[in-house]
>>> print(open('coords-v2.csv').read())   # CSV, C-alpha atoms
chain,number,residue,atom,x,y,z
A,1,MET,CA,8.7,5.1,-23.4
A,2,VAL,CA,10.1,1.9,-22.1
A,3,ARG,CA,10.2,1.6,-18.3
A,4,ARG,CA,13.5,0.7,-16.8
A,5,VAL,CA,13.9,-2.1,-14.2
A,6,PHE,CA,17.2,-2.5,-12.4
A,7,ALA,CA,18.0,-5.7,-10.7
A,8,PHE,CA,20.3,-6.3,-7.7
A,9,GLY,CA,22.2,-9.1,-6.0
A,10,LEU,CA,22.0,-9.6,-2.3
A,11,MET,CA,25.6,-8.5,-1.8
A,12,SER,CA,25.0,-5.1,-3.4
A,13,LEU,CA,23.2,-3.7,-0.4
A,14,ALA,CA,25.3,-4.1,2.7
A,15,THR,CA,22.8,-2.4,4.9
A,16,LEU,CA,20.0,-5.0,4.3
A,17,VAL,CA,18.9,-6.9,7.4
A,18,PRO,CA,19.3,-10.8,7.5
A,19,LEU,CA,16.4,-13.0,6.4
A,20,LEU,CA,13.6,-13.9,8.8
A,21,SER,CA,12.2,-17.4,9.4
A,22,SER,CA,9.6,-17.0,6.6
A,23,PRO,CA,10.9,-17.2,3.0
A,24,VAL,CA,11.0,-13.4,2.3
A,25,ARG,CA,13.1,-10.3,2.8
A,26,ALA,CA,16.5,-11.4,1.4
A,27,GLY,CA,17.3,-8.2,-0.6
A,28,LEU,CA,16.3,-5.6,-3.1
A,29,ILE,CA,15.4,-7.3,-6.3
A,30,SER,CA,14.5,-4.3,-8.5
A,31,VAL,CA,13.3,-0.7,-8.8
A,32,TRP,CA,10.7,0.2,-11.3
A,33,GLY,CA,10.4,3.7,-12.7
A,34,PRO,CA,11.6,6.5,-13.0
A,35,SER,CA,9.6,9.6,-12.6
A,36,GLY,CA,7.5,10.7,-15.5
A,37,SER,CA,4.2,10.2,-17.3
A,38,GLY,CA,5.1,7.6,-19.9
A,39,ASP,CA,4.2,3.9,-19.7
A,40,GLY,CA,5.8,2.4,-16.6
A,41,GLN,CA,6.8,5.8,-15.2
A,42,PHE,CA,5.3,7.4,-12.0
A,43,ILE,CA,4.6,10.6,-10.2
A,44,SER,CA,4.2,9.9,-6.5
A,45,PRO,CA,2.5,6.5,-6.6
A,46,LYS,CA,0.6,5.5,-3.5
A,47,GLY,CA,-1.1,2.1,-3.2
A,48,VAL,CA,0.1,-1.2,-4.6
A,49,ALA,CA,-1.8,-4.5,-4.8
A,50,LEU,CA,-1.5,-7.9,-6.4
A,51,ASP,CA,-4.1,-10.2,-8.0
A,52,ALA,CA,-4.2,-14.0,-7.8
A,53,SER,CA,-2.1,-14.3,-10.9
A,54,GLY,CA,0.7,-12.2,-9.5
A,55,ASN,CA,0.1,-9.1,-11.5
A,56,VAL,CA,0.9,-5.8,-9.8
A,57,TYR,CA,-1.3,-2.8,-9.8
A,58,VAL,CA,0.0,0.6,-8.8
A,59,ALA,CA,-2.1,3.7,-8.0
A,60,ASP,CA,-0.1,6.4,-9.9
A,61,TRP,CA,-1.4,9.3,-7.9
A,62,GLY,CA,0.2,12.2,-9.8
A,63,ASN,CA,-0.8,10.8,-13.2
A,64,ASN,CA,-4.3,10.0,-12.2
A,65,ARG,CA,-4.2,6.4,-13.4
A,66,ILE,CA,-3.7,2.8,-12.4
A,67,GLN,CA,-0.8,0.9,-14.0
A,68,LYS,CA,-0.5,-2.8,-14.3
A,69,PHE,CA,2.7,-4.8,-14.4
A,70,THR,CA,3.9,-8.4,-14.2
A,71,ARG,CA,5.5,-9.4,-10.8
A,72,THR,CA,8.9,-8.8,-12.4
A,73,GLY,CA,8.1,-5.3,-13.4
A,74,ASP,CA,7.2,-5.6,-17.0
A,75,TYR,CA,4.6,-2.9,-18.0
A,76,LEU,CA,1.3,-4.4,-19.2
A,77,SER,CA,-1.4,-1.7,-19.3
A,78,GLN,CA,-3.1,1.3,-17.6
A,79,PHE,CA,-6.5,2.9,-17.1
A,80,GLY,CA,-7.8,6.1,-15.8
A,81,THR,CA,-7.7,9.8,-16.6
A,82,LEU,CA,-8.1,13.0,-14.6
A,83,GLY,CA,-11.7,13.9,-13.8
A,84,SER,CA,-14.8,13.0,-11.8
A,85,GLY,CA,-16.8,11.0,-14.3
A,86,ASN,CA,-17.3,7.3,-14.3
A,87,GLY,CA,-13.9,5.6,-14.5
A,88,GLN,CA,-12.0,8.8,-14.1
A,89,LEU,CA,-9.7,9.5,-11.1
A,90,ASN,CA,-8.5,12.5,-9.1
A,91,GLY,CA,-5.6,11.5,-7.0
A,92,PRO,CA,-6.0,7.6,-6.8
A,93,PHE,CA,-4.6,6.5,-3.5
A,94,GLY,CA,-5.3,3.1,-2.1
A,95,ILE,CA,-5.9,0.0,-4.3
A,96,ALA,CA,-7.0,-3.5,-3.4
A,97,ILE,CA,-8.1,-6.6,-5.2
A,98,ALA,CA,-11.3,-8.3,-4.2
A,99,PRO,CA,-11.5,-12.1,-3.9
A,100,ASN,CA,-13.4,-12.1,-7.3
A,101,GLY,CA,-10.5,-10.3,-9.0
A,102,ASN,CA,-12.2,-6.9,-9.3
A,103,ILE,CA,-10.0,-3.8,-8.6
A,104,TYR,CA,-11.1,-1.3,-6.0
A,105,VAL,CA,-9.5,2.1,-6.0
A,106,VAL,CA,-9.7,4.9,-3.5
A,107,ASP,CA,-10.4,8.0,-5.6
A,108,GLN,CA,-9.3,10.4,-2.9
A,109,GLY,CA,-9.9,13.7,-4.7
A,110,ASN,CA,-13.5,12.7,-5.5
A,111,ASN,CA,-14.1,11.1,-2.0
A,112,ARG,CA,-15.3,7.8,-3.5
A,113,ILE,CA,-14.4,4.2,-4.2
A,114,GLU,CA,-14.4,3.1,-7.8
A,115,VAL,CA,-14.5,-0.5,-9.0
A,116,PHE,CA,-13.0,-1.9,-12.2
A,117,ARG,CA,-12.5,-5.3,-13.8
A,118,SER,CA,-8.9,-6.5,-14.1
A,119,ASP,CA,-8.7,-5.1,-17.7
A,120,GLY,CA,-9.7,-1.6,-16.4
A,121,THR,CA,-13.3,-1.7,-17.5
A,122,TYR,CA,-15.3,0.6,-15.1
A,123,LEU,CA,-18.0,-1.2,-13.1
A,124,THR,CA,-19.4,1.0,-10.4
A,125,GLN,CA,-18.7,3.4,-7.6
A,126,TRP,CA,-19.9,4.6,-4.2
A,127,GLY,CA,-19.2,7.4,-1.7
A,128,ARG,CA,-19.2,11.1,-1.6
A,129,SER,CA,-17.8,14.0,0.5
A,130,GLY,CA,-19.1,14.1,4.1
A,131,ARG,CA,-19.0,12.6,7.5
A,132,GLY,CA,-22.0,10.4,7.4
A,133,PRO,CA,-22.1,6.6,7.0
A,134,GLY,CA,-20.6,5.7,3.6
A,135,GLN,CA,-19.2,9.2,3.1
A,136,PHE,CA,-15.6,10.1,3.1
A,137,THR,CA,-13.2,12.9,4.1
A,138,ALA,CA,-10.0,12.2,2.1
A,139,PRO,CA,-9.9,8.4,2.3
A,140,THR,CA,-6.5,6.8,1.9
A,141,TYR,CA,-6.1,3.0,1.8
A,142,LEU,CA,-8.5,0.1,1.8
A,143,ALA,CA,-8.2,-3.7,2.3
A,144,PHE,CA,-10.3,-6.8,1.9
A,145,ASP,CA,-11.0,-9.7,4.2
A,146,ALA,CA,-11.5,-13.3,3.0
A,147,LEU,CA,-15.3,-12.9,2.9
A,148,GLY,CA,-15.1,-10.0,0.5
A,149,ASP,CA,-15.9,-7.2,2.8
A,150,VAL,CA,-13.8,-4.0,2.3
A,151,TYR,CA,-12.4,-1.7,5.0
A,152,VAL,CA,-11.6,2.0,4.2
A,153,ALA,CA,-9.4,4.3,6.2
A,154,ASP,CA,-11.2,7.7,6.2
A,155,TYR,CA,-8.2,10.0,6.9
A,156,TRP,CA,-9.5,13.3,8.2
A,157,TYR,CA,-12.4,11.9,10.3
A,158,GLY,CA,-10.2,9.4,12.0
A,159,ARG,CA,-12.3,6.3,11.4
A,160,ILE,CA,-12.6,3.0,9.6
A,161,GLU,CA,-15.6,2.3,7.4
A,162,LYS,CA,-16.6,-1.3,6.5
A,163,PHE,CA,-18.6,-2.2,3.4
A,164,HIS,CA,-19.8,-5.2,1.5
A,165,ASP,CA,-18.1,-5.5,-1.9
A,166,ASN,CA,-21.2,-4.0,-3.6
A,167,GLY,CA,-20.7,-0.8,-1.6
A,168,VAL,CA,-23.4,-1.4,1.0
A,169,PHE,CA,-22.3,0.2,4.3
A,170,VAL,CA,-21.9,-2.2,7.2
A,171,THR,CA,-20.4,-0.3,10.1
A,172,GLU,CA,-17.8,2.1,11.2
A,173,TRP,CA,-15.5,2.7,14.2
A,174,GLY,CA,-12.9,5.2,15.4
A,175,THR,CA,-13.1,8.9,16.3
A,176,PRO,CA,-10.4,11.6,16.4
A,177,GLY,CA,-8.2,11.3,19.5
A,178,THR,CA,-5.4,9.5,21.2
A,179,GLY,CA,-7.2,6.9,23.2
A,180,ASN,CA,-7.6,3.2,22.5
A,181,GLY,CA,-9.5,2.8,19.2
A,182,GLN,CA,-9.1,6.5,18.4
A,183,PHE,CA,-7.0,8.0,15.6
A,184,ASP,CA,-5.0,11.1,14.8
A,185,GLN,CA,-5.8,10.4,11.1
A,186,THR,CA,-6.2,6.9,9.8
A,187,TYR,CA,-3.8,5.9,7.0
A,188,GLY,CA,-2.7,2.4,6.0
A,189,ILE,CA,-4.9,-0.6,6.6
A,190,ALA,CA,-4.6,-4.3,6.3
A,191,VAL,CA,-6.5,-7.5,7.2
A,192,ASP,CA,-4.8,-10.7,8.2
A,193,ALA,CA,-5.8,-14.3,7.5
A,194,ASP,CA,-7.8,-14.5,10.7
A,195,GLY,CA,-9.8,-11.4,9.7
A,196,ASN,CA,-8.2,-9.0,12.2
A,197,VAL,CA,-7.9,-5.4,11.0
A,198,TYR,CA,-4.7,-3.3,11.4
A,199,CYS,CA,-4.8,0.4,10.9
A,200,GLY,CA,-2.0,3.0,11.1
A,201,ASP,CA,-2.6,5.9,13.4
A,202,PHE,CA,-0.7,8.5,11.3
A,203,GLY,CA,-0.3,11.2,13.8
A,204,GLY,CA,-0.2,8.9,16.8
A,205,GLY,CA,2.8,6.8,15.6
A,206,ARG,CA,1.2,3.5,16.2
A,207,ILE,CA,-0.7,0.5,14.7
A,208,GLU,CA,-4.1,-0.4,16.2
A,209,LYS,CA,-5.6,-3.8,15.9
A,210,PHE,CA,-9.3,-4.7,15.8
A,211,THR,CA,-11.7,-7.5,15.1
A,212,SER,CA,-13.6,-7.3,11.8
A,213,ASN,CA,-16.5,-5.6,13.6
A,214,GLY,CA,-14.4,-2.9,15.2
A,215,LEU,CA,-13.7,-4.4,18.6
A,216,TYR,CA,-10.4,-2.9,19.9
A,217,LEU,CA,-7.8,-5.6,20.5
A,218,GLY,CA,-4.5,-3.8,21.1
A,219,GLN,CA,-1.9,-1.5,19.7
A,220,TRP,CA,1.9,-1.1,19.2
A,221,GLY,CA,4.4,1.6,18.4
A,222,THR,CA,5.2,5.0,19.7
A,223,PRO,CA,6.3,8.1,17.7
A,224,GLY,CA,10.0,7.8,16.9
A,225,THR,CA,12.6,6.3,14.6
A,226,GLY,CA,14.0,3.5,16.8
A,227,PRO,CA,13.2,-0.2,16.1
A,228,GLY,CA,9.5,-0.8,16.7
A,229,GLN,CA,8.8,2.9,16.8
A,230,LEU,CA,6.8,4.6,14.0
A,231,TRP,CA,7.3,8.0,12.5
A,232,PHE,CA,4.0,8.8,10.8
A,233,PRO,CA,3.2,5.3,9.6
A,234,LYS,CA,1.9,5.0,6.0
A,235,GLY,CA,1.2,1.8,4.2
A,236,VAL,CA,0.4,-1.4,6.1
A,237,ALA,CA,0.2,-5.0,4.8
A,238,ALA,CA,-0.2,-8.5,6.2
A,239,ASP,CA,1.2,-11.7,4.7
A,240,ARG,CA,0.2,-15.3,5.0
A,241,PHE,CA,3.1,-16.1,7.3
A,242,GLY,CA,1.7,-14.0,10.1
A,243,ASN,CA,3.8,-10.9,9.6
A,244,VAL,CA,2.6,-7.2,9.4
A,245,TYR,CA,4.6,-4.8,7.3
A,246,VAL,CA,4.6,-1.0,7.9
A,247,VAL,CA,6.4,1.8,6.0
A,248,ASP,CA,6.8,5.2,7.7
A,249,ASN,CA,8.1,8.7,7.1
A,250,SER,CA,11.5,7.7,8.5
A,251,GLY,CA,12.2,5.8,5.3
A,252,ARG,CA,11.9,2.3,6.8
A,253,LEU,CA,10.0,-0.8,6.1
A,254,GLN,CA,9.5,-2.6,9.5
A,255,VAL,CA,8.1,-6.0,10.1
A,256,PHE,CA,6.1,-7.1,13.1
A,257,THR,CA,4.3,-10.2,14.3
A,258,THR,CA,0.5,-9.9,14.4
A,259,GLY,CA,0.9,-9.3,18.1
A,260,GLY,CA,3.1,-6.3,17.5
A,261,ALA,CA,6.5,-7.8,18.4
A,262,PHE,CA,9.2,-6.1,16.3
A,263,GLU,CA,11.0,-8.6,14.0
A,264,THR,CA,13.2,-6.6,11.7
A,265,GLN,CA,13.6,-3.5,9.5
A,266,TRP,CA,15.4,-2.3,6.4
A,267,ASP,CA,15.9,0.9,4.4
A,268,ALA,CA,13.1,1.6,2.0
A,269,THR,CA,14.4,4.8,0.5
A,270,TRP,CA,15.7,5.4,-3.1
A,271,LEU,CA,17.6,8.4,-4.2
A,272,GLY,CA,16.4,10.2,-1.1
A,273,TYR,CA,12.7,9.3,-1.6
A,274,GLY,CA,10.8,7.6,1.2
A,275,PRO,CA,8.1,4.9,1.0
A,276,ASN,CA,4.3,5.4,0.6
A,277,GLY,CA,2.5,2.0,0.2
A,278,VAL,CA,3.4,-1.6,0.7
A,279,ALA,CA,2.0,-5.0,-0.5
A,280,VAL,CA,3.2,-8.6,-0.1
A,281,ASP,CA,2.6,-11.4,-2.6
A,282,ASP,CA,1.8,-15.0,-1.9
A,283,ARG,CA,5.6,-15.9,-2.0
A,284,GLY,CA,6.5,-13.2,0.5
A,285,ASP,CA,8.1,-10.8,-2.0
A,286,THR,CA,7.4,-7.2,-0.9
A,287,TYR,CA,6.5,-4.2,-3.1
A,288,VAL,CA,7.0,-0.7,-1.8
A,289,THR,CA,6.0,2.5,-3.6
A,290,ILE,CA,8.3,5.5,-3.5
A,291,ALA,CA,7.9,9.0,-5.1
A,292,THR,CA,9.4,7.8,-8.4
A,293,GLY,CA,8.4,4.2,-8.6
A,294,VAL,CA,8.3,0.8,-7.0
A,295,MET,CA,10.9,-1.1,-5.0
A,296,LYS,CA,10.7,-4.9,-4.9
A,297,PHE,CA,12.3,-6.9,-2.1
A,298,GLY,CA,12.5,-10.7,-1.9
A,299,VAL,CA,14.5,-13.9,-2.3
A,300,ASP,CA,14.7,-13.9,-6.1
A,301,ALA,CA,17.5,-11.4,-6.3
A,302,THR,CA,20.0,-12.2,-9.1
A,303,PRO,CA,23.3,-10.3,-9.5
A,304,ALA,CA,23.1,-7.5,-12.0
A,305,LYS,CA,25.7,-7.9,-14.7
A,306,SER,CA,28.8,-6.4,-13.0
A,307,ALA,CA,26.7,-3.4,-12.1
A,308,THR,CA,27.7,-1.5,-8.9
A,309,TRP,CA,25.2,0.2,-6.6
A,310,GLY,CA,26.4,3.6,-7.7
A,311,ALA,CA,26.3,2.8,-11.4
A,312,ILE,CA,22.7,1.6,-11.0
A,313,LYS,CA,21.7,4.8,-9.3
A,314,ALA,CA,23.3,6.8,-12.1
A,315,ARG,CA,21.4,4.8,-14.7
A,316,TYR,CA,18.1,5.3,-12.9
A,317,HIS,CA,18.4,9.1,-13.4
>>> encode(input="coords-v2.csv", output="C-alpha cells")
Amino acid sequence: MVRRVFAFGLMSLATLVPLLSSPVRAGLISVWGPSGSGDGQFISPKGVALDASGNVYVADWGNNRIQKFTRTGDYLSQFGTLGSGNGQLNGPFGIAIAPNGNIYVVDQGNNRIEVFRSDGTYLTQWGRSGRGPGQFTAPTYLAFDALGDVYVADYWYGRIEKFHDNGVFVTEWGTPGTGNGQFDQTYGIAVDADGNVYCGDFGGGRIEKFTSNGLYLGQWGTPGTGPGQLWFPKGVAADRFGNVYVVDNSGRLQVFTTGGAFETQWDATWLGYGPNGVAVDDRGDTYVTIATGVMKFGVDATPAKSATWGAIKARYH
C-alpha cells in the first residue's frame, strides 16, 4: 500500500510559533503515515534518525521493523521481523546512525543493541537482560558522539551506559533517585557537537547534562506543562546550531539552548496523538514520531493545493 504524505503551507497552522534565529522551525511540512502494517505505515513508532545522505530511519515499534524513507517522506525499504534471532526485533525503540553509516537499534524487548548496514544487513549485537555493566533493563534511546562512542539510556535502572561502537563497555553513570545525576527512569538521550550528553529524566520532568564521561554539569526543567517545564519528557535531540529539542507527554516540542534556556515551543500532536521521538537533520528540519506516523517541521513548507487543515485531516483517516 502506498504511504500518504500530506504537505502544508506555513499559513495553515495559526498556532505555530515564529521562527528562531537558526534556519529551522517555520512550520509543519508533512505528516507520514497513517496507522497500519503496510509499506510506509506505522504502529506506535518510537525512534527516528537520519544518515549523512538525509535518509530517514524510523523504529516502527508495533510492527517490529525499521523503515527507511527519503527526507521528503518517500518510502524506500524496511528490515526486521518479530523475534529474538539475529536481525529480528521485539519492540525496536531507539535508533541512531554511527559516523560510519551503520544503524544501531535498541531492541527493547530483547534487551540488546543490534547493528545493521544501511541496507538492513545484520552485522552484530550486544547486551542481555540484567543490571550489570553492558546489560539492560528496558533500554529506550541511544545516541552517538563524534568519536563513534554510543550512549544508551537504560530505563528501569535509571542509568546511562557508554560503549565503543563495537559494543565494548566503557562506563556507566546514574542511579535511581531525584538528586543531581540521578534519574526517575532515563528516556531520551542526545549528544551535542561538543560531546556533552543530555538525558531526559522521565519521571523527574527534567533534562540532565553531563560530560562524555558522566560528570554532572547541570539540569533544567520541572514537572509541568508551562514553557520550559516538562511533562514526562521523551525524545531528545541536539542540532548543529546549539539547540536541544525535547518532546514530552503534554504533546509539545520544546526547544532550549544547550544551557537550558527556553527558546520556543509548538504543538506536536496529530489527531490527538502525542509525540515519542525526535531528530534534527543538518538543515535544521525536525522529525517527530507520533503514534500513527511522522511529523516533519521546517522551512521547506509549500502550500498544499487549496487544501484546508480540516480537509487534510479527513484525508489522513
>>> residues_around(input="coords-v2.csv", residues="A:Asn111", least_positions_apart="2", cutoff="7 Å", atoms="all atoms listed in the file", output="ChimeraX atom specification")
/A:107-109,127-129,136-139
>>> closest_residue(input="coords-v2.csv", among="A:Asp248, A:Asp239, A:Asp60, A:Glu208", to="A:Ala279", atoms="all atoms listed in the file")
A:Asp239
>>> residues_around(input="coords-v2.csv", residues="A:Tyr157", least_positions_apart="2", cutoff="12 Å", atoms="only C-alpha atoms", output="number ranges by chain")
A: 129-133, 135-140, 152-155, 159-161, 172-177, 182-187, 201
>>> closest_residue(input="coords-v2.csv", among="A:Gly62, A:Gly284, A:Gly293, A:Gly33", to="A:Asn243", atoms="all atoms listed in the file")
A:Gly284
>>> atom_distance(input="coords-v2.csv", atom1="atom CA of A:Gln265", atom2="atom CA of A:Pro34")
24.7 Å
>>> residues_around(input="coords-v2.csv", residues="A:Phe169", least_positions_apart="3", cutoff="7 Å", atoms="all atoms listed in the file", output="list in words")
Pro133, Gly134, Lys162, Phe163 and His164 of chain A
>>> closest_residue(input="coords-v2.csv", among="A:Thr257, A:Val246, A:Asn55, A:Phe79", to="A:Val278", atoms="all atoms listed in the file")
A:Val246
>>> residues_around(input="coords-v2.csv", residues="A:Thr289", least_positions_apart="5", cutoff="8 Å", atoms="all atoms listed in the file", output="PyMOL selection string")
chain A and resi 45-48+275-278+294-295
>>> closest_residue(input="coords-v2.csv", among="A:Ile43, A:Ile189, A:Ala238, A:Val244", to="A:Ala59", atoms="all atoms listed in the file")
A:Ile43
>>> closest_residue(input="coords-v2.csv", among="A:Gln254, A:Thr292, A:Thr171, A:Asn249", to="A:Gly214", atoms="only C-alpha atoms")
A:Thr171
>>> residues_around(input="coords-v2.csv", residues="A:Phe256", least_positions_apart="3", cutoff="7 Å", atoms="all atoms listed in the file", output="list in words")
Asn243, Val244, Tyr245, Gly260, Ala261, Phe262 and Glu263 of chain A
>>> atom_distance(input="coords-v2.csv", atom1="atom CA of A:Arg65", atom2="atom CA of A:Ala237")
21.9 Å
>>> closest_residue(input="coords-v2.csv", among="A:Thr72, A:Gln41, A:Asn166, A:Ser84", to="A:Leu123", atoms="all atoms listed in the file")
A:Asn166
>>> atom_distance(input="coords-v2.csv", atom1="atom CA of A:Leu89", atom2="atom CA of A:Trp61")
8.9 Å
>>> decode(input="coords-v2.csv", residues="stretch 206-235 of chain A", atoms="N, CA and C atoms", output="PDB file, in the first residue's frame")
ATOM      1  N   ARG A 206      12.697  16.617  33.876  1.00  0.00           N
ATOM      2  CA  ARG A 206      13.854  17.483  33.681  1.00  0.00           C
ATOM      3  C   ARG A 206      14.810  16.859  32.668  1.00  0.00           C
ATOM      4  N   ILE A 207      15.728  17.697  32.180  1.00  0.00           N
ATOM      5  CA  ILE A 207      16.839  17.249  31.350  1.00  0.00           C
ATOM      6  C   ILE A 207      18.115  17.430  32.158  1.00  0.00           C
ATOM      7  N   GLU A 208      18.943  16.399  32.203  1.00  0.00           N
ATOM      8  CA  GLU A 208      20.225  16.488  32.895  1.00  0.00           C
ATOM      9  C   GLU A 208      21.354  16.452  31.869  1.00  0.00           C
ATOM     10  N   LYS A 209      22.397  17.240  32.152  1.00  0.00           N
ATOM     11  CA  LYS A 209      23.513  17.402  31.231  1.00  0.00           C
ATOM     12  C   LYS A 209      24.800  16.897  31.871  1.00  0.00           C
ATOM     13  N   PHE A 210      25.605  16.165  31.068  1.00  0.00           N
ATOM     14  CA  PHE A 210      26.826  15.541  31.558  1.00  0.00           C
ATOM     15  C   PHE A 210      27.938  15.709  30.535  1.00  0.00           C
ATOM     16  N   THR A 211      29.178  15.534  30.993  1.00  0.00           N
ATOM     17  CA  THR A 211      30.286  15.362  30.069  1.00  0.00           C
ATOM     18  C   THR A 211      30.199  13.951  29.478  1.00  0.00           C
ATOM     19  N   SER A 212      31.069  13.681  28.516  1.00  0.00           N
ATOM     20  CA  SER A 212      31.054  12.362  27.874  1.00  0.00           C
ATOM     21  C   SER A 212      31.485  11.250  28.815  1.00  0.00           C
ATOM     22  N   ASN A 213      32.074  11.597  29.955  1.00  0.00           N
ATOM     23  CA  ASN A 213      32.483  10.593  30.941  1.00  0.00           C
ATOM     24  C   ASN A 213      31.566  10.543  32.153  1.00  0.00           C
ATOM     25  N   GLY A 214      30.452  11.280  32.076  1.00  0.00           N
ATOM     26  CA  GLY A 214      29.450  11.172  33.128  1.00  0.00           C
ATOM     27  C   GLY A 214      29.537  12.214  34.219  1.00  0.00           C
ATOM     28  N   LEU A 215      30.395  13.211  34.085  1.00  0.00           N
ATOM     29  CA  LEU A 215      30.455  14.278  35.078  1.00  0.00           C
ATOM     30  C   LEU A 215      29.210  15.148  34.954  1.00  0.00           C
ATOM     31  N   TYR A 216      28.490  15.296  36.057  1.00  0.00           N
ATOM     32  CA  TYR A 216      27.256  16.088  36.063  1.00  0.00           C
ATOM     33  C   TYR A 216      27.578  17.560  35.836  1.00  0.00           C
ATOM     34  N   LEU A 217      26.864  18.192  34.890  1.00  0.00           N
ATOM     35  CA  LEU A 217      27.093  19.598  34.568  1.00  0.00           C
ATOM     36  C   LEU A 217      25.930  20.503  34.957  1.00  0.00           C
ATOM     37  N   GLY A 218      24.739  19.976  34.969  1.00  0.00           N
ATOM     38  CA  GLY A 218      23.593  20.813  35.288  1.00  0.00           C
ATOM     39  C   GLY A 218      22.300  20.163  34.852  1.00  0.00           C
ATOM     40  N   GLN A 219      21.207  20.893  35.002  1.00  0.00           N
ATOM     41  CA  GLN A 219      19.893  20.376  34.646  1.00  0.00           C
ATOM     42  C   GLN A 219      18.949  21.534  34.398  1.00  0.00           C
ATOM     43  N   TRP A 220      17.836  21.249  33.753  1.00  0.00           N
ATOM     44  CA  TRP A 220      16.764  22.219  33.637  1.00  0.00           C
ATOM     45  C   TRP A 220      15.428  21.500  33.524  1.00  0.00           C
ATOM     46  N   GLY A 221      14.365  22.254  33.848  1.00  0.00           N
ATOM     47  CA  GLY A 221      13.014  21.713  33.771  1.00  0.00           C
ATOM     48  C   GLY A 221      12.480  21.289  35.118  1.00  0.00           C
ATOM     49  N   THR A 222      11.183  21.463  35.279  1.00  0.00           N
ATOM     50  CA  THR A 222      10.435  20.935  36.418  1.00  0.00           C
ATOM     51  C   THR A 222       9.172  20.314  35.869  1.00  0.00           C
ATOM     52  N   PRO A 223       8.553  19.377  36.597  1.00  0.00           N
ATOM     53  CA  PRO A 223       7.329  18.770  36.082  1.00  0.00           C
ATOM     54  C   PRO A 223       6.229  19.822  35.865  1.00  0.00           C
ATOM     55  N   GLY A 224       5.620  19.803  34.701  1.00  0.00           N
ATOM     56  CA  GLY A 224       4.552  20.750  34.412  1.00  0.00           C
ATOM     57  C   GLY A 224       4.354  20.912  32.924  1.00  0.00           C
ATOM     58  N   THR A 225       3.417  21.777  32.553  1.00  0.00           N
ATOM     59  CA  THR A 225       3.088  21.975  31.142  1.00  0.00           C
ATOM     60  C   THR A 225       3.319  23.420  30.697  1.00  0.00           C
ATOM     61  N   GLY A 226       3.935  24.247  31.532  1.00  0.00           N
ATOM     62  CA  GLY A 226       4.257  25.608  31.144  1.00  0.00           C
ATOM     63  C   GLY A 226       5.504  25.661  30.293  1.00  0.00           C
ATOM     64  N   PRO A 227       5.791  26.822  29.695  1.00  0.00           N
ATOM     65  CA  PRO A 227       7.020  26.964  28.909  1.00  0.00           C
ATOM     66  C   PRO A 227       8.248  26.621  29.736  1.00  0.00           C
ATOM     67  N   GLY A 228       9.074  25.737  29.219  1.00  0.00           N
ATOM     68  CA  GLY A 228      10.281  25.315  29.917  1.00  0.00           C
ATOM     69  C   GLY A 228      10.077  24.196  30.906  1.00  0.00           C
ATOM     70  N   GLN A 229       8.824  23.894  31.233  1.00  0.00           N
ATOM     71  CA  GLN A 229       8.539  22.743  32.077  1.00  0.00           C
ATOM     72  C   GLN A 229       8.402  21.494  31.209  1.00  0.00           C
ATOM     73  N   LEU A 230       8.483  20.334  31.836  1.00  0.00           N
ATOM     74  CA  LEU A 230       8.455  19.080  31.088  1.00  0.00           C
ATOM     75  C   LEU A 230       7.523  18.093  31.772  1.00  0.00           C
ATOM     76  N   TRP A 231       6.604  17.558  30.990  1.00  0.00           N
ATOM     77  CA  TRP A 231       5.647  16.590  31.498  1.00  0.00           C
ATOM     78  C   TRP A 231       6.017  15.222  30.944  1.00  0.00           C
ATOM     79  N   PHE A 232       6.824  14.480  31.695  1.00  0.00           N
ATOM     80  CA  PHE A 232       7.343  13.183  31.273  1.00  0.00           C
ATOM     81  C   PHE A 232       8.051  13.306  29.920  1.00  0.00           C
ATOM     82  N   PRO A 233       9.243  13.899  29.912  1.00  0.00           N
ATOM     83  CA  PRO A 233       9.988  14.081  28.663  1.00  0.00           C
ATOM     84  C   PRO A 233      10.331  12.756  27.998  1.00  0.00           C
ATOM     85  N   LYS A 234      10.241  12.759  26.688  1.00  0.00           N
ATOM     86  CA  LYS A 234      10.514  11.551  25.896  1.00  0.00           C
ATOM     87  C   LYS A 234      11.755  11.754  25.031  1.00  0.00           C
ATOM     88  N   GLY A 235      11.567  11.915  23.727  1.00  0.00           N
ATOM     89  CA  GLY A 235      12.708  12.042  22.845  1.00  0.00           C
ATOM     90  C   GLY A 235      13.481  13.333  23.062  1.00  0.00           C
TER      91      GLY A 235
END
